[in-house]
Amino acid sequence: MAYDQDNIFAKILRGEIPVEKIYEDGFAIAFPDIDPQAPTHVLIIPTGPYESLDDFAKNGTVAEIAGFWRAVGAIGRQLGVDETGYRTLANTGPDAHQEVMHFHVHLFAGKKLGPMLVR
Ligand code: 5GP
């Protein structure tokens, strides 16, 4: 499946949809989720056109992958949650209900986050 240049995060990256960027470097940007599910709920996306974690892991350059994950850690520290803790989540594909087809990592923090999945 080809990357959809009109997905909502592609539009955010192009500046066509305004967001409050809390972090930006050459590899990643981060902004609050529009429908937060924790006191802190940030989305972190690579600047390159990768539709999923699988696509990014397969086709991202080593520099892009390293830069992206360095950014995730930096954002946790910037938010001041590296010591209290946070959860990251990347929904991939239909069974995980990935809604936006641009790879993104959710970062949740700000309270006890409970069990990983509803049983
Ligand atoms: P997914 O289910 O694909 O892992 O998560 C997509 C996330 O994107 C959802 O949590 C949803 O609230 C968020 N989202 C969808 N559209 C927008 C938007 O226009 N702006 C922001 N900030 N978040 C969005």
# chains A, B, ... in the order shown; residues from 1 in each chain; ligands from 1
$ closest_atom_pairs --of "chain A" --to "ligand 1" --cutoff "12 Å" --atoms "only C-alpha atoms and all ligand atoms" --output "CSV"
residue,atom,partner,partner_atom_place_in_ligand_line,distance
A:Asn7,CA,ligand 1,16 (N),9.3
A:Ile8,CA,ligand 1,19 (O),6.0
A:Phe9,CA,ligand 1,19 (O),7.3
A:Ala10,CA,ligand 1,19 (O),10.3
A:Lys11,CA,ligand 1,19 (O),8.9
A:Ile12,CA,ligand 1,19 (O),7.6
A:Leu13,CA,ligand 1,20 (N),11.1
A:Gly15,CA,ligand 1,19 (O),11.6
A:Glu16,CA,ligand 1,19 (O),10.5
A:Ile17,CA,ligand 1,19 (O),7.1
A:Pro18,CA,ligand 1,20 (N),8.3
A:Val19,CA,ligand 1,22 (N),6.2
A:Glu20,CA,ligand 1,22 (N),8.1
A:Lys21,CA,ligand 1,22 (N),9.4
A:Ile22,CA,ligand 1,22 (N),11.2
A:Ile29,CA,ligand 1,22 (N),11.4
A:Ala30,CA,ligand 1,22 (N),9.1
A:Phe31,CA,ligand 1,22 (N),6.1
A:Pro32,CA,ligand 1,22 (N),5.3
A:Asp33,CA,ligand 1,22 (N),4.1
A:Ile34,CA,ligand 1,22 (N),4.0
A:Asp35,CA,ligand 1,12 (O),4.3
A:Pro36,CA,ligand 1,12 (O),6.7
A:Gln37,CA,ligand 1,10 (O),7.8
A:Ala38,CA,ligand 1,10 (O),10.8
A:His41,CA,ligand 1,10 (O),8.5
A:Val42,CA,ligand 1,22 (N),8.1
A:Leu43,CA,ligand 1,8 (O),7.3
A:Ile44,CA,ligand 1,8 (O),10.2
A:Ile45,CA,ligand 1,8 (O),10.5
A:Glu51,CA,ligand 1,3 (O),10.2
A:Ser52,CA,ligand 1,3 (O),9.3
A:Leu53,CA,ligand 1,4 (O),10.7
A:Thr88,CA,ligand 1,4 (O),10.8
A:Leu89,CA,ligand 1,4 (O),7.8
A:Ala90,CA,ligand 1,4 (O),6.1
A:Asn91,CA,ligand 1,4 (O),4.6
A:Thr92,CA,ligand 1,4 (O),7.4
A:Gly93,CA,ligand 1,3 (O),8.7
A:Pro94,CA,ligand 1,2 (O),9.6
A:Asp95,CA,ligand 1,2 (O),10.6
A:Ala96,CA,ligand 1,2 (O),7.6
A:His97,CA,ligand 1,2 (O),5.4
A:Gln98,CA,ligand 1,3 (O),3.7
A:Glu99,CA,ligand 1,3 (O),3.4
A:Val100,CA,ligand 1,3 (O),4.2
A:Met101,CA,ligand 1,3 (O),6.8
A:His102,CA,ligand 1,3 (O),8.0
A:Phe103,CA,ligand 1,3 (O),8.2
A:His104,CA,ligand 1,4 (O),6.9
A:Val105,CA,ligand 1,4 (O),7.5
A:His106,CA,ligand 1,4 (O),7.1
A:Leu107,CA,ligand 1,10 (O),10.3
A:Phe108,CA,ligand 1,10 (O),10.7
$ select_by_dssp --residues "chain A" --states "alpha helix (DSSP H)" --output "compact mmCIF listing (two decimals) with N, CA and C atoms, in the first residue's frame"
# COMPACT_ATOMS: atom_id res chain seq x y z
N ILE A 8 -3.91 12.80 7.80
CA ILE A 8 -3.96 14.00 8.64
C ILE A 8 -2.58 14.41 9.18
N PHE A 9 -1.72 13.43 9.46
CA PHE A 9 -0.41 13.78 10.01
C PHE A 9 0.52 14.32 8.91
N ALA A 10 0.32 13.87 7.67
CA ALA A 10 1.07 14.47 6.55
C ALA A 10 0.69 15.95 6.43
N LYS A 11 -0.60 16.24 6.61
CA LYS A 11 -1.05 17.64 6.53
C LYS A 11 -0.48 18.46 7.69
N ILE A 12 -0.40 17.84 8.87
CA ILE A 12 0.21 18.53 10.02
C ILE A 12 1.69 18.81 9.73
N LEU A 13 2.39 17.82 9.17
CA LEU A 13 3.81 18.01 8.86
C LEU A 13 4.01 19.13 7.84
N LEU A 53 4.59 1.48 11.86
CA LEU A 53 5.84 1.03 12.50
C LEU A 53 6.55 0.02 11.60
N ASP A 54 5.76 -0.88 10.99
CA ASP A 54 6.37 -1.89 10.13
C ASP A 54 7.09 -1.25 8.95
N ASP A 55 6.44 -0.28 8.31
CA ASP A 55 7.05 0.42 7.18
C ASP A 55 8.32 1.14 7.63
N PHE A 56 8.25 1.81 8.78
CA PHE A 56 9.40 2.57 9.28
C PHE A 56 10.56 1.63 9.61
N ALA A 57 10.24 0.52 10.30
CA ALA A 57 11.30 -0.42 10.69
C ALA A 57 11.95 -1.05 9.46
N LYS A 58 11.14 -1.26 8.42
CA LYS A 58 11.65 -1.91 7.21
C LYS A 58 12.40 -0.94 6.29
N ASN A 59 11.85 0.26 6.15
CA ASN A 59 12.35 1.16 5.11
C ASN A 59 13.01 2.43 5.62
N VAL A 62 18.89 3.99 8.99
CA VAL A 62 19.39 3.84 10.36
C VAL A 62 19.39 5.20 11.07
N ALA A 63 19.76 6.24 10.36
CA ALA A 63 19.78 7.58 10.97
C ALA A 63 18.37 8.01 11.36
N GLU A 64 17.39 7.74 10.48
CA GLU A 64 16.00 8.14 10.80
C GLU A 64 15.49 7.38 12.02
N ILE A 65 15.78 6.08 12.07
CA ILE A 65 15.28 5.27 13.18
C ILE A 65 15.95 5.70 14.49
N ALA A 66 17.26 5.89 14.44
CA ALA A 66 17.96 6.33 15.66
C ALA A 66 17.49 7.72 16.07
N GLY A 67 17.37 8.61 15.10
CA GLY A 67 16.95 9.99 15.41
C GLY A 67 15.56 10.02 16.00
N PHE A 68 14.67 9.19 15.44
CA PHE A 68 13.29 9.17 15.94
C PHE A 68 13.26 8.72 17.39
N TRP A 69 13.92 7.61 17.70
CA TRP A 69 13.84 7.09 19.07
C TRP A 69 14.61 7.96 20.06
N ARG A 70 15.68 8.61 19.59
CA ARG A 70 16.33 9.62 20.45
C ARG A 70 15.33 10.72 20.80
N ALA A 71 14.52 11.12 19.80
CA ALA A 71 13.53 12.18 20.04
C ALA A 71 12.48 11.72 21.05
N VAL A 72 12.02 10.47 20.94
CA VAL A 72 11.02 9.97 21.89
C VAL A 72 11.55 10.11 23.32
N GLY A 73 12.77 9.66 23.54
CA GLY A 73 13.36 9.78 24.89
C GLY A 73 13.51 11.23 25.32
N ALA A 74 13.94 12.08 24.38
CA ALA A 74 14.12 13.50 24.71
C ALA A 74 12.79 14.14 25.09
N ILE A 75 11.73 13.74 24.41
CA ILE A 75 10.41 14.32 24.69
C ILE A 75 9.94 13.88 26.09
N GLY A 76 10.18 12.64 26.45
CA GLY A 76 9.85 12.20 27.81
C GLY A 76 10.56 13.03 28.85
N ARG A 77 11.84 13.33 28.58
CA ARG A 77 12.59 14.17 29.53
C ARG A 77 12.08 15.60 29.51
N GLN A 78 11.80 16.11 28.31
CA GLN A 78 11.29 17.49 28.19
C GLN A 78 9.98 17.66 28.93
$ atom_distance --atom1 "atom CA of Tyr50 of chain A" --atom2 "atom CA of Tyr3 of chain A"
6.7 Å
$ closest_residue --among "A:Ala28, A:Gln5, A:Met116, A:Thr61" --to "Arg87 of chain A" --atoms "only C-alpha atoms"
A:Met116
$ residues_around --residues "Gly110 of chain A" --least-positions-apart "6" --cutoff "10 Å" --atoms "only C-alpha atoms" --output "CSV table (one decimal) with all heavy atoms, in the first residue's frame"
chain,number,residue,atom,x,y,z
A,38,ALA,N,-5.1,10.5,28.6
A,38,ALA,CA,-4.3,10.6,29.9
A,38,ALA,C,-4.0,12.1,30.1
A,38,ALA,O,-4.1,12.9,29.2
A,38,ALA,CB,-3.0,9.8,29.8
A,39,PRO,N,-3.6,12.5,31.3
A,39,PRO,CA,-3.3,13.9,31.6
A,39,PRO,C,-2.3,14.4,30.6
A,39,PRO,O,-2.3,15.6,30.1
A,39,PRO,CB,-2.8,13.9,33.0
A,39,PRO,CG,-3.5,12.7,33.7
A,39,PRO,CD,-3.6,11.7,32.6
A,40,THR,N,-1.3,13.6,30.3
A,40,THR,CA,-0.3,13.9,29.2
A,40,THR,C,-0.5,12.9,28.1
A,40,THR,O,-0.4,11.7,28.4
A,40,THR,CB,1.1,13.9,29.7
A,40,THR,OG1,1.3,14.9,30.7
A,40,THR,CG2,2.1,14.1,28.5
A,41,HIS,N,-0.9,13.3,26.9
A,41,HIS,CA,-1.0,12.4,25.8
A,41,HIS,C,-0.5,13.1,24.5
A,41,HIS,O,-1.1,14.0,24.0
A,41,HIS,CB,-2.5,12.0,25.6
A,41,HIS,CG,-2.7,11.0,24.5
A,41,HIS,ND1,-4.0,10.5,24.2
A,41,HIS,CD2,-1.9,10.4,23.5
A,41,HIS,CE1,-3.9,9.6,23.2
A,41,HIS,NE2,-2.6,9.6,22.8
A,79,LEU,N,9.1,16.6,28.9
A,79,LEU,CA,7.8,16.7,29.6
A,79,LEU,C,8.0,16.5,31.1
A,79,LEU,O,7.0,16.6,31.8
A,79,LEU,CB,6.9,15.6,29.0
A,79,LEU,CG,6.4,15.9,27.6
A,79,LEU,CD1,5.8,14.6,27.0
A,79,LEU,CD2,5.4,17.0,27.5
A,80,GLY,N,9.2,16.1,31.5
A,80,GLY,CA,9.4,15.9,32.9
A,80,GLY,C,8.8,14.6,33.5
A,80,GLY,O,8.5,14.5,34.7
A,81,VAL,N,8.6,13.6,32.6
A,81,VAL,CA,8.0,12.4,33.0
A,81,VAL,C,8.9,11.2,33.0
A,81,VAL,O,8.5,10.0,33.2
A,81,VAL,CB,6.7,12.1,32.2
A,81,VAL,CG1,5.7,13.2,32.5
A,81,VAL,CG2,7.0,11.9,30.7
A,84,THR,N,8.9,9.9,36.7
A,84,THR,CA,7.6,9.3,37.2
A,84,THR,C,7.2,8.2,36.3
A,84,THR,O,6.4,7.3,36.7
A,84,THR,CB,6.6,10.5,37.2
A,84,THR,OG1,6.6,11.2,36.0
A,84,THR,CG2,6.8,11.4,38.4
A,85,GLY,N,7.5,8.2,35.0
A,85,GLY,CA,7.2,7.2,34.1
A,85,GLY,C,6.2,7.5,33.1
A,85,GLY,O,5.4,8.5,33.2
A,86,TYR,N,6.2,6.8,32.0
A,86,TYR,CA,5.3,7.0,30.9
A,86,TYR,C,5.1,5.7,30.1
A,86,TYR,O,5.9,4.8,30.3
A,86,TYR,CB,5.7,8.2,30.0
A,86,TYR,CG,7.1,8.0,29.4
A,86,TYR,CD1,7.3,7.4,28.1
A,86,TYR,CD2,8.2,8.6,30.0
A,86,TYR,CE1,8.5,7.3,27.6
A,86,TYR,CE2,9.5,8.5,29.5
A,86,TYR,CZ,9.6,7.9,28.2
A,86,TYR,OH,10.9,7.8,27.6
$ atom_distance --atom1 "atom CA of Tyr23 of chain A" --atom2 "atom CA of Gly114 of chain A"
26.7 Å
$ atom_distance --atom1 "atom CA of Asp82 of chain A" --atom2 "atom CA of Thr47 of chain A"
23.4 Å
